[in-house]
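Chemist: Have a peek at start-v6.csv (CSV, C-alpha atoms).
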chain,number,residue,atom,x,y,z
A,72,MET,CA,7.4,-11.5,15.3
A,73,ARG,CA,4.6,-8.9,15.4
A,74,PHE,CA,3.8,-6.8,12.3
A,75,THR,CA,2.2,-3.4,12.7
A,76,ARG,CA,0.0,-1.9,10.0
A,77,ALA,CA,1.1,1.5,8.6
A,78,LYS,CA,-1.3,4.2,9.4
A,79,ASP,CA,-3.2,5.7,6.5
A,80,GLU,CA,-2.3,9.3,6.5
A,81,GLY,CA,-3.8,12.1,4.4
A,82,TYR,CA,-2.8,15.7,3.7
A,83,SER,CA,-2.7,18.1,6.6
A,84,LEU,CA,-4.8,21.3,6.5
A,85,VAL,CA,-1.7,23.4,5.9
A,86,GLU,CA,-0.7,21.3,3.0
A,87,MET,CA,-4.2,21.5,1.5
A,88,LEU,CA,-4.1,25.3,1.8
A,89,ILE,CA,-0.8,25.5,0.1
A,90,VAL,CA,-2.0,23.3,-2.8
A,91,MET,CA,-5.2,25.3,-3.1
A,92,ALA,CA,-3.2,28.6,-3.2
A,93,LEU,CA,-0.9,27.3,-5.8
A,94,PHE,CA,-3.8,26.0,-7.9
A,95,ALA,CA,-5.5,29.4,-7.6
A,96,MET,CA,-2.4,31.2,-8.7
A,97,LEU,CA,-2.0,28.9,-11.7
A,98,MET,CA,-5.7,29.3,-12.8
A,99,THR,CA,-5.3,33.1,-12.4
A,100,MET,CA,-2.3,33.1,-14.7
A,101,VAL,CA,-4.1,30.8,-17.2
A,102,PHE,CA,-7.2,33.0,-17.3
A,103,SER,CA,-5.1,36.2,-17.6
A,104,ILE,CA,-3.4,34.8,-20.7
A,105,LEU,CA,-6.7,33.7,-22.2
A,106,ILE,CA,-8.2,37.2,-21.5
A,107,GLN,CA,-5.2,38.8,-23.1
A,108,LEU,CA,-5.4,36.6,-26.1
A,109,THR,CA,-9.1,37.4,-26.4
A,110,TYR,CA,-8.5,41.1,-26.4
A,111,GLN,CA,-5.6,40.8,-28.9
A,112,ALA,CA,-7.8,38.8,-31.2
A,113,ARG,CA,-10.7,41.3,-30.9
A,114,ASP,CA,-8.2,44.1,-31.6
A,115,GLU,CA,-6.8,42.4,-34.7
A,116,LEU,CA,-10.3,41.8,-36.0
A,117,ALA,CA,-11.2,45.4,-35.4
A,118,ARG,CA,-8.1,46.6,-37.3
A,119,ALA,CA,-8.9,44.2,-40.1
A,120,ARG,CA,-12.4,45.7,-40.3
A,121,SER,CA,-11.0,49.2,-40.4
A,122,VAL,CA,-8.6,48.3,-43.2
A,123,GLU,CA,-11.3,46.6,-45.2
A,124,GLN,CA,-13.6,49.7,-44.8
A,125,ALA,CA,-10.8,52.0,-46.0
A,126,ARG,CA,-9.9,49.8,-48.9
A,127,LEU,CA,-13.5,49.5,-50.0
A,128,GLY,CA,-13.8,53.3,-50.1
A,129,ILE,CA,-10.5,53.9,-51.9
A,130,SER,CA,-11.2,51.2,-54.5
A,131,GLN,CA,-14.5,53.0,-55.5
A,132,ILE,CA,-12.7,56.4,-55.5
A,133,ASP,CA,-9.9,55.0,-57.6
A,134,ARG,CA,-12.3,53.8,-60.3
A,135,GLN,CA,-14.0,57.1,-60.5
A,136,VAL,CA,-10.9,59.2,-60.5
A,137,ARG,CA,-9.3,57.1,-63.2
A,138,SER,CA,-12.4,57.5,-65.3
A,139,GLY,CA,-12.6,61.2,-64.4
A,140,ASN,CA,-12.7,63.9,-67.1
A,141,LEU,CA,-12.2,66.7,-64.5
A,142,ILE,CA,-11.2,66.7,-60.9
A,143,LYS,CA,-11.9,69.7,-58.8
A,144,ASP,CA,-9.2,70.9,-56.4
A,145,PRO,CA,-10.2,69.6,-52.9
A,146,ALA,CA,-8.6,72.7,-51.4
A,147,LEU,CA,-11.5,74.8,-52.9
A,148,ASP,CA,-14.3,72.6,-51.6
A,149,GLY,CA,-15.5,74.1,-48.3
A,150,VAL,CA,-18.6,73.9,-46.2
A,151,ALA,CA,-20.8,75.6,-48.8
A,152,GLU,CA,-19.8,73.0,-51.5
A,153,SER,CA,-19.7,69.9,-49.3
A,154,GLY,CA,-20.7,70.6,-45.7
A,155,VAL,CA,-17.1,69.9,-44.6
A,156,ALA,CA,-13.8,71.8,-44.4
A,157,PRO,CA,-11.4,72.1,-47.4
A,158,TYR,CA,-9.5,68.9,-48.2
A,159,TYR,CA,-12.3,66.8,-46.7
A,160,SER,CA,-14.3,66.7,-49.9
A,161,MET,CA,-13.6,66.0,-53.6
A,162,ARG,CA,-15.8,66.5,-56.7
A,163,ILE,CA,-15.2,64.6,-59.9
A,164,PHE,CA,-16.7,64.9,-63.4
A,165,THR,CA,-16.5,61.2,-64.3
A,166,GLN,CA,-17.7,58.8,-66.9
A,167,GLU,CA,-17.3,55.6,-64.9
A,168,GLY,CA,-19.3,52.9,-66.7
A,169,GLY,CA,-19.8,55.1,-69.7
A,170,ALA,CA,-22.3,57.5,-68.0
A,171,GLN,CA,-21.2,61.1,-67.5
A,172,ARG,CA,-22.0,62.2,-63.9
A,173,CYS,CA,-20.8,64.5,-61.2
A,174,ALA,CA,-19.6,62.6,-58.2
A,175,GLN,CA,-18.7,63.9,-54.8
A,176,TRP,CA,-17.0,62.3,-51.9
A,177,ARG,CA,-16.6,63.6,-48.4
A,178,VAL,CA,-15.3,62.6,-44.9
A,179,ILE,CA,-17.7,64.0,-42.4
A,180,THR,CA,-17.8,63.8,-38.6
A,181,PRO,CA,-21.2,64.6,-37.0
A,182,THR,CA,-21.1,67.3,-34.4
A,183,GLY,CA,-20.3,65.9,-31.0
A,184,GLN,CA,-19.2,62.6,-32.4
A,185,SER,CA,-15.7,61.0,-32.2
A,186,TYR,CA,-16.1,59.0,-35.4
A,187,GLY,CA,-17.2,60.0,-38.9
A,188,ASN,CA,-18.1,58.5,-42.2
A,189,LEU,CA,-16.9,58.4,-45.8
A,190,GLU,CA,-19.9,59.4,-47.8
A,191,PHE,CA,-20.7,59.6,-51.5
A,192,ARG,CA,-23.3,61.1,-53.8
A,193,SER,CA,-23.7,61.9,-57.5
A,194,TRP,CA,-25.9,64.0,-59.8
A,195,ASP,CA,-26.7,64.6,-63.4
A,196,VAL,CA,-24.2,66.8,-65.3
A,197,ASN,CA,-27.2,68.9,-66.4
A,198,TYR,CA,-28.3,69.7,-62.8
A,199,PRO,CA,-30.7,71.2,-61.8
A,200,ALA,CA,-32.2,69.1,-64.5
A,201,GLY,CA,-31.8,65.4,-63.9
A,202,ASP,CA,-31.5,63.3,-60.7
A,203,VAL,CA,-29.4,63.7,-57.5
A,204,THR,CA,-28.7,60.8,-55.2
A,205,ASP,CA,-28.7,61.2,-51.4
A,206,TRP,CA,-25.5,60.9,-49.5
A,207,PHE,CA,-24.8,57.4,-48.5
A,208,VAL,CA,-22.2,55.9,-46.2
A,209,VAL,CA,-19.4,53.9,-47.9
A,210,ALA,CA,-17.1,53.4,-44.8
A,211,GLN,CA,-17.7,54.1,-41.1
A,212,ASN,CA,-15.5,55.0,-38.1
A,213,SER,CA,-13.2,57.6,-39.8
A,214,VAL,CA,-11.1,60.0,-37.7
A,215,GLU,CA,-9.5,63.3,-38.7
A,216,ALA,CA,-5.9,63.9,-39.4
A,217,PRO,CA,-3.7,64.6,-36.3
A,218,THR,CA,-2.6,68.0,-37.7
A,219,ALA,CA,-4.6,70.4,-39.8
A,220,GLY,CA,-3.7,73.1,-42.4
A,221,THR,CA,-2.0,72.8,-45.7
A,222,PRO,CA,-0.8,69.3,-46.5
A,223,ASP,CA,2.9,68.7,-46.3
A,224,PRO,CA,4.1,65.9,-48.7
A,225,ASN,CA,6.9,65.1,-46.2
A,226,ASP,CA,4.6,64.9,-43.1
A,227,PRO,CA,2.0,62.1,-43.3
A,228,THR,CA,0.3,63.3,-40.1
A,229,SER,CA,-0.8,66.4,-42.1
A,230,TRP,CA,-2.4,64.5,-44.9
A,231,PRO,CA,-6.2,65.1,-45.1
A,232,PRO,CA,-8.5,62.8,-46.9
A,233,PHE,CA,-8.1,64.5,-50.4
A,234,TRP,CA,-5.5,66.7,-51.8
A,235,ILE,CA,-3.5,67.2,-55.0
A,236,ASP,CA,0.0,65.9,-54.5
A,237,THR,CA,2.2,68.1,-56.7
A,238,SER,CA,5.4,66.5,-55.3
A,239,ILE,CA,4.8,63.7,-57.9
A,240,ASN,CA,5.3,64.9,-61.4
A,241,THR,CA,2.9,63.3,-63.9
A,242,GLY,CA,4.4,65.0,-67.0
A,243,THR,CA,1.0,66.0,-68.3
A,244,LYS,CA,-2.1,67.9,-67.1
A,245,ALA,CA,-3.1,64.8,-65.2
A,246,GLN,CA,-3.3,65.2,-61.5
A,247,ASN,CA,-2.2,63.0,-58.7
A,248,ILE,CA,-4.8,62.9,-56.0
A,249,ARG,CA,-3.6,61.5,-52.7
A,250,VAL,CA,-6.4,59.8,-50.8
A,251,THR,CA,-5.8,59.1,-47.1
A,252,LEU,CA,-8.4,57.5,-44.9
A,253,ARG,CA,-7.9,57.1,-41.2
A,254,MET,CA,-10.2,54.5,-39.6
A,255,ARG,CA,-10.5,53.5,-36.0
A,256,ASP,CA,-12.9,50.8,-35.0
A,257,PRO,CA,-14.5,51.5,-31.6
A,258,GLU,CA,-13.3,48.0,-30.5
A,259,ILE,CA,-9.7,48.9,-31.0
A,260,ASP,CA,-8.1,49.3,-27.6
A,261,SER,CA,-5.4,51.8,-28.6
A,262,ASP,CA,-5.9,55.3,-29.8
A,263,THR,CA,-3.9,54.7,-33.0
A,264,ALA,CA,-6.0,54.8,-36.2
A,265,VAL,CA,-5.5,52.5,-39.1
A,266,VAL,CA,-4.2,54.7,-42.0
A,267,VAL,CA,-4.6,53.7,-45.6
A,268,SER,CA,-3.1,56.1,-48.1
A,269,THR,CA,-2.7,55.9,-51.9
A,270,VAL,CA,-2.2,58.1,-54.9
A,271,VAL,CA,-4.6,57.9,-57.8
A,272,THR,CA,-4.1,59.7,-61.1
A,273,GLY,CA,-6.9,61.4,-63.0
A,274,ARG,CA,-6.5,62.6,-66.5
A,275,ASN,CA,-8.1,65.9,-65.6
A,276,THR,CA,-8.7,68.1,-68.7
A,277,VAL,CA,-6.2,66.2,-70.8
A,278,PHE,CA,-8.9,65.8,-73.4
A,279,GLY,CA,-10.1,69.4,-73.2
A,280,TYR,CA,-13.1,69.2,-70.8
A,281,SER,CA,-14.4,72.5,-69.5
A,282,ASP,CA,-13.2,73.6,-66.0
A,283,THR,CA,-16.8,74.6,-65.2
A,284,GLU,CA,-18.2,71.1,-65.3
A,285,CYS,CA,-19.9,70.1,-62.0
A,286,ASP,CA,-19.7,73.7,-60.7
A,287,THR,CA,-23.5,73.7,-60.0
A,288,ILE,CA,-23.8,71.8,-56.8
A,289,PRO,CA,-26.9,70.4,-55.2
A,290,PRO,CA,-27.6,71.5,-51.6
A,291,VAL,CA,-25.5,69.6,-49.1
Rewrite the structure of this file - the entire thing - as structure tokens.
Modeler:
Amino acid sequence: MRFTRAKDEGYSLVEMLIVMALFAMLMTMVFSILIQLTYQARDELARARSVEQARLGISQIDRQVRSGNLIKDPALDGVAESGVAPYYSMRIFTQEGGAQRCAQWRVITPTGQSYGNLEFRSWDVNYPAGDVTDWFVVAQNSVEAPTAGTPDPNDPTSWPPFWIDTSINTGTKAQNIRVTLRMRDPEIDSDTAVVVSTVVTGRNTVFGYSDTECDTIPPV
């Protein structure tokens, strides 16, 4: 009886091409998923940074407002008083830390820029005597409210950075100041801003402080 040896056969060219095509398709899918996950992670980090920036600014504002003896109406602070439009600035006569000072916050977007900053400065209550600090940036990458004009308590898109929310009754002379910061990190893919909004209550003349405190404003 004669035995024949089986021939050693490999893949044909067509089979190799099919395998390579399937492998390429699989790798394309894997890399697409990895890229998508990378973008999602970057987007989430950018959003987290935006929220952190907003909360940092609001926490500082909250401390000063709660220690405030007088809060000026943000509707009355315009370009002459702050360098920005009404509702984008707020002045406070505060005694945070026991020291009486005038403090001013503003959200300003430089001309030609898409993003702005939350800025802060303060000055001696006896100005022009005493010191005045420069504006310094507290939070970056702010954007403006989608709609402008008089704030509507029932329309969050109309809420500017600072306004007196009279829809919430305090029962005293104290005022509820609604602070709304819209932040959008440049690395966020979507056009949607991260919005952080809160209401802080200042006692505002409850103890009889003069309405004219901090009326003398350093040049903006």
Chemist: For a cutoff of 12 Å around the file-coordinate point (-12.8, 49.9, -47.3), which residues qualify once you count all atoms listed in the file? I'd like the result as a tab-separated table (two decimals) with C-alpha atoms, in the frame of the given file.
Modeler:
chain	number	residue	atom	x	y	z
A	118	ARG	CA	-8.10	46.60	-37.30
A	119	ALA	CA	-8.90	44.20	-40.10
A	120	ARG	CA	-12.40	45.70	-40.30
A	121	SER	CA	-11.00	49.20	-40.40
A	122	VAL	CA	-8.60	48.30	-43.20
A	123	GLU	CA	-11.30	46.60	-45.20
A	124	GLN	CA	-13.60	49.70	-44.80
A	125	ALA	CA	-10.80	52.00	-46.00
A	126	ARG	CA	-9.90	49.80	-48.90
A	127	LEU	CA	-13.50	49.50	-50.00
A	128	GLY	CA	-13.80	53.30	-50.10
A	129	ILE	CA	-10.50	53.90	-51.90
A	130	SER	CA	-11.20	51.20	-54.50
A	131	GLN	CA	-14.50	53.00	-55.50
A	132	ILE	CA	-12.70	56.40	-55.50
A	133	ASP	CA	-9.90	55.00	-57.60
A	188	ASN	CA	-18.10	58.50	-42.20
A	189	LEU	CA	-16.90	58.40	-45.80
A	190	GLU	CA	-19.90	59.40	-47.80
A	208	VAL	CA	-22.20	55.90	-46.20
A	209	VAL	CA	-19.40	53.90	-47.90
A	210	ALA	CA	-17.10	53.40	-44.80
A	211	GLN	CA	-17.70	54.10	-41.10
A	212	ASN	CA	-15.50	55.00	-38.10
A	213	SER	CA	-13.20	57.60	-39.80
A	251	THR	CA	-5.80	59.10	-47.10
A	252	LEU	CA	-8.40	57.50	-44.90
A	253	ARG	CA	-7.90	57.10	-41.20
A	254	MET	CA	-10.20	54.50	-39.60
A	265	VAL	CA	-5.50	52.50	-39.10
A	266	VAL	CA	-4.20	54.70	-42.00
A	267	VAL	CA	-4.60	53.70	-45.60
A	268	SER	CA	-3.10	56.10	-48.10
Chemist: As an exercise, work out the distance from CA of Ala174 (chain A) to CA of Asp226 (chain A) in Å and give it to one decimal place.
Modeler: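 Computing the Euclidean distance for CA of Ala174 (chain A) and CA of Asp226 (chain A) yields 28.6 Å.
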Chemist: So the first atom is CA of Asp195 (chain A) and the second is CA of Ser138 (chain A); what is the distance between them in Å, to one decimal place?
Modeler: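 Those two atoms sit 16.1 Å apart.
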Chemist: Have a look at A:Thr237, A:Gly273, A:Thr218, A:Val291 and name the one nearest to Phe191 (chain A); count all atoms listed in the file.
Modeler: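 Closest to Phe191 (chain A) of all the choices is A:Val291.
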Chemist: Work out how far apart CA of Asp148 (chain A) and CA of Asn240 (chain A) are and give it in Å to one decimal.
Modeler: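 A separation of 23.2 Å between them.
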Chemist: With a distance cut-off of 10 Å and all atoms listed in the file, select the neighbouring residues of Asp286 (chain A), excluding the residue or stretch itself and same-chain residues fewer than 2 positions from it, and output the selection as number ranges by chain.
Modeler: A: 143, 152, 162, 164, 173, 196, 198, 282-284, 288-289
Chemist: Pick out the closest residue to Ser238 (chain A) from this set: A:Asp256, A:Asp202, A:Asp223, A:Asp144. Count all atoms listed in the file.
Modeler: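 Among A:Asp256, A:Asp202, A:Asp223, A:Asp144, it is A:Asp223 that comes nearest to Ser238 (chain A).
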Chemist: So, with all atoms listed in the file as the atoms that count, which of A:Asn247, A:Ser160, A:Gln111, A:Ser83 lies closest to Arg177 (chain A)?
Modeler: A:Ser160
Chemist: Could you name the residues that touch Glu258 (chain A) at 8 Å or less, counting all atoms listed in the file, but leaving out those on the same chain fewer than 3 positions away, as an MDAnalysis selection string?
Modeler: chainID A and resid 113:114 117
Chemist: Which of these, A:Met91, A:Tyr280, A:Pro257, A:Ile239, has the shortest distance to Gly187 (chain A) once you count only C-alpha atoms?
Modeler: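 The closest residue to Gly187 (chain A) is A:Pro257.
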Chemist: As a short mmCIF file (atom, residue, chain, number, x, y, z; two decimals), in the coordinates of the input, please: region 226-257 of chain A completed to N, CA and C atoms.
Modeler:
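What landed in result_17.cif:
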data_model
loop_
_atom_site.label_atom_id
_atom_site.label_comp_id
_atom_site.auth_asym_id
_atom_site.auth_seq_id
_atom_site.Cartn_x
_atom_site.Cartn_y
_atom_site.Cartn_z
N ASP A 226 5.13 65.16 -44.48
CA ASP A 226 4.60 64.90 -43.10
C ASP A 226 3.26 64.19 -43.24
N PRO A 227 3.29 62.87 -43.17
CA PRO A 227 2.00 62.10 -43.30
C PRO A 227 0.97 62.44 -42.30
N THR A 228 1.35 62.98 -41.13
CA THR A 228 0.30 63.30 -40.10
C THR A 228 -0.51 64.52 -40.60
N SER A 229 -0.03 65.25 -41.60
CA SER A 229 -0.80 66.40 -42.10
C SER A 229 -1.66 66.08 -43.28
N TRP A 230 -1.63 64.86 -43.73
CA TRP A 230 -2.40 64.50 -44.90
C TRP A 230 -3.87 64.37 -44.62
N PRO A 231 -4.70 65.23 -45.20
CA PRO A 231 -6.20 65.10 -45.10
C PRO A 231 -6.68 64.04 -46.02
N PRO A 232 -7.98 63.82 -46.06
CA PRO A 232 -8.50 62.80 -46.90
C PRO A 232 -8.20 62.97 -48.42
N PHE A 233 -8.29 64.23 -48.92
CA PHE A 233 -8.10 64.50 -50.40
C PHE A 233 -7.26 65.70 -50.60
N TRP A 234 -6.22 65.55 -51.42
CA TRP A 234 -5.50 66.70 -51.80
C TRP A 234 -4.62 66.38 -53.06
N ILE A 235 -4.31 67.41 -53.84
CA ILE A 235 -3.50 67.20 -55.00
C ILE A 235 -2.03 67.21 -54.63
N ASP A 236 -1.40 66.08 -54.86
CA ASP A 236 0.00 65.90 -54.50
C ASP A 236 0.88 66.34 -55.64
N THR A 237 1.36 67.57 -55.57
CA THR A 237 2.20 68.10 -56.70
C THR A 237 3.64 67.68 -56.54
N SER A 238 3.98 66.96 -55.49
CA SER A 238 5.40 66.50 -55.30
C SER A 238 5.69 65.37 -56.30
N ILE A 239 4.65 64.78 -56.89
CA ILE A 239 4.80 63.70 -57.90
C ILE A 239 4.51 64.23 -59.23
N ASN A 240 5.48 64.30 -60.11
CA ASN A 240 5.30 64.90 -61.40
C ASN A 240 4.67 63.86 -62.38
N THR A 241 3.55 64.25 -63.00
CA THR A 241 2.90 63.30 -63.90
C THR A 241 3.39 63.57 -65.37
N GLY A 242 3.97 64.74 -65.64
CA GLY A 242 4.40 65.00 -67.00
C GLY A 242 3.35 65.49 -67.94
N THR A 243 2.10 65.54 -67.46
CA THR A 243 1.00 66.00 -68.30
C THR A 243 0.06 66.84 -67.41
N LYS A 244 -1.13 67.15 -67.93
CA LYS A 244 -2.10 67.90 -67.10
C LYS A 244 -2.81 66.98 -66.12
N ALA A 245 -2.54 65.71 -66.20
CA ALA A 245 -3.10 64.80 -65.20
C ALA A 245 -2.72 65.17 -63.83
N GLN A 246 -3.57 64.86 -62.87
CA GLN A 246 -3.30 65.20 -61.50
C GLN A 246 -3.18 63.96 -60.63
N ASN A 247 -2.26 64.03 -59.68
CA ASN A 247 -2.20 63.00 -58.70
C ASN A 247 -2.96 63.37 -57.45
N ILE A 248 -3.98 62.62 -57.17
CA ILE A 248 -4.80 62.90 -56.00
C ILE A 248 -4.41 61.89 -54.91
N ARG A 249 -3.94 62.42 -53.79
CA ARG A 249 -3.60 61.50 -52.70
C ARG A 249 -4.87 61.39 -51.81
N VAL A 250 -5.25 60.13 -51.62
CA VAL A 250 -6.40 59.80 -50.80
C VAL A 250 -5.90 59.11 -49.53
N THR A 251 -6.23 59.67 -48.38
CA THR A 251 -5.80 59.10 -47.10
C THR A 251 -6.96 58.97 -46.18
N LEU A 252 -7.25 57.75 -45.81
CA LEU A 252 -8.40 57.50 -44.90
C LEU A 252 -7.81 56.94 -43.59
N ARG A 253 -8.25 57.54 -42.51
CA ARG A 253 -7.90 57.10 -41.20
C ARG A 253 -9.10 56.49 -40.50
N MET A 254 -9.02 55.22 -40.19
CA MET A 254 -10.20 54.50 -39.60
C MET A 254 -9.79 53.97 -38.25
N ARG A 255 -10.73 54.05 -37.34
CA ARG A 255 -10.50 53.50 -36.00
C ARG A 255 -11.77 52.85 -35.52
N ASP A 256 -11.79 51.54 -35.54
CA ASP A 256 -12.90 50.80 -35.00
C ASP A 256 -13.09 51.03 -33.55
N PRO A 257 -14.30 51.25 -33.06
CA PRO A 257 -14.50 51.50 -31.60
C PRO A 257 -13.98 50.36 -30.74
#
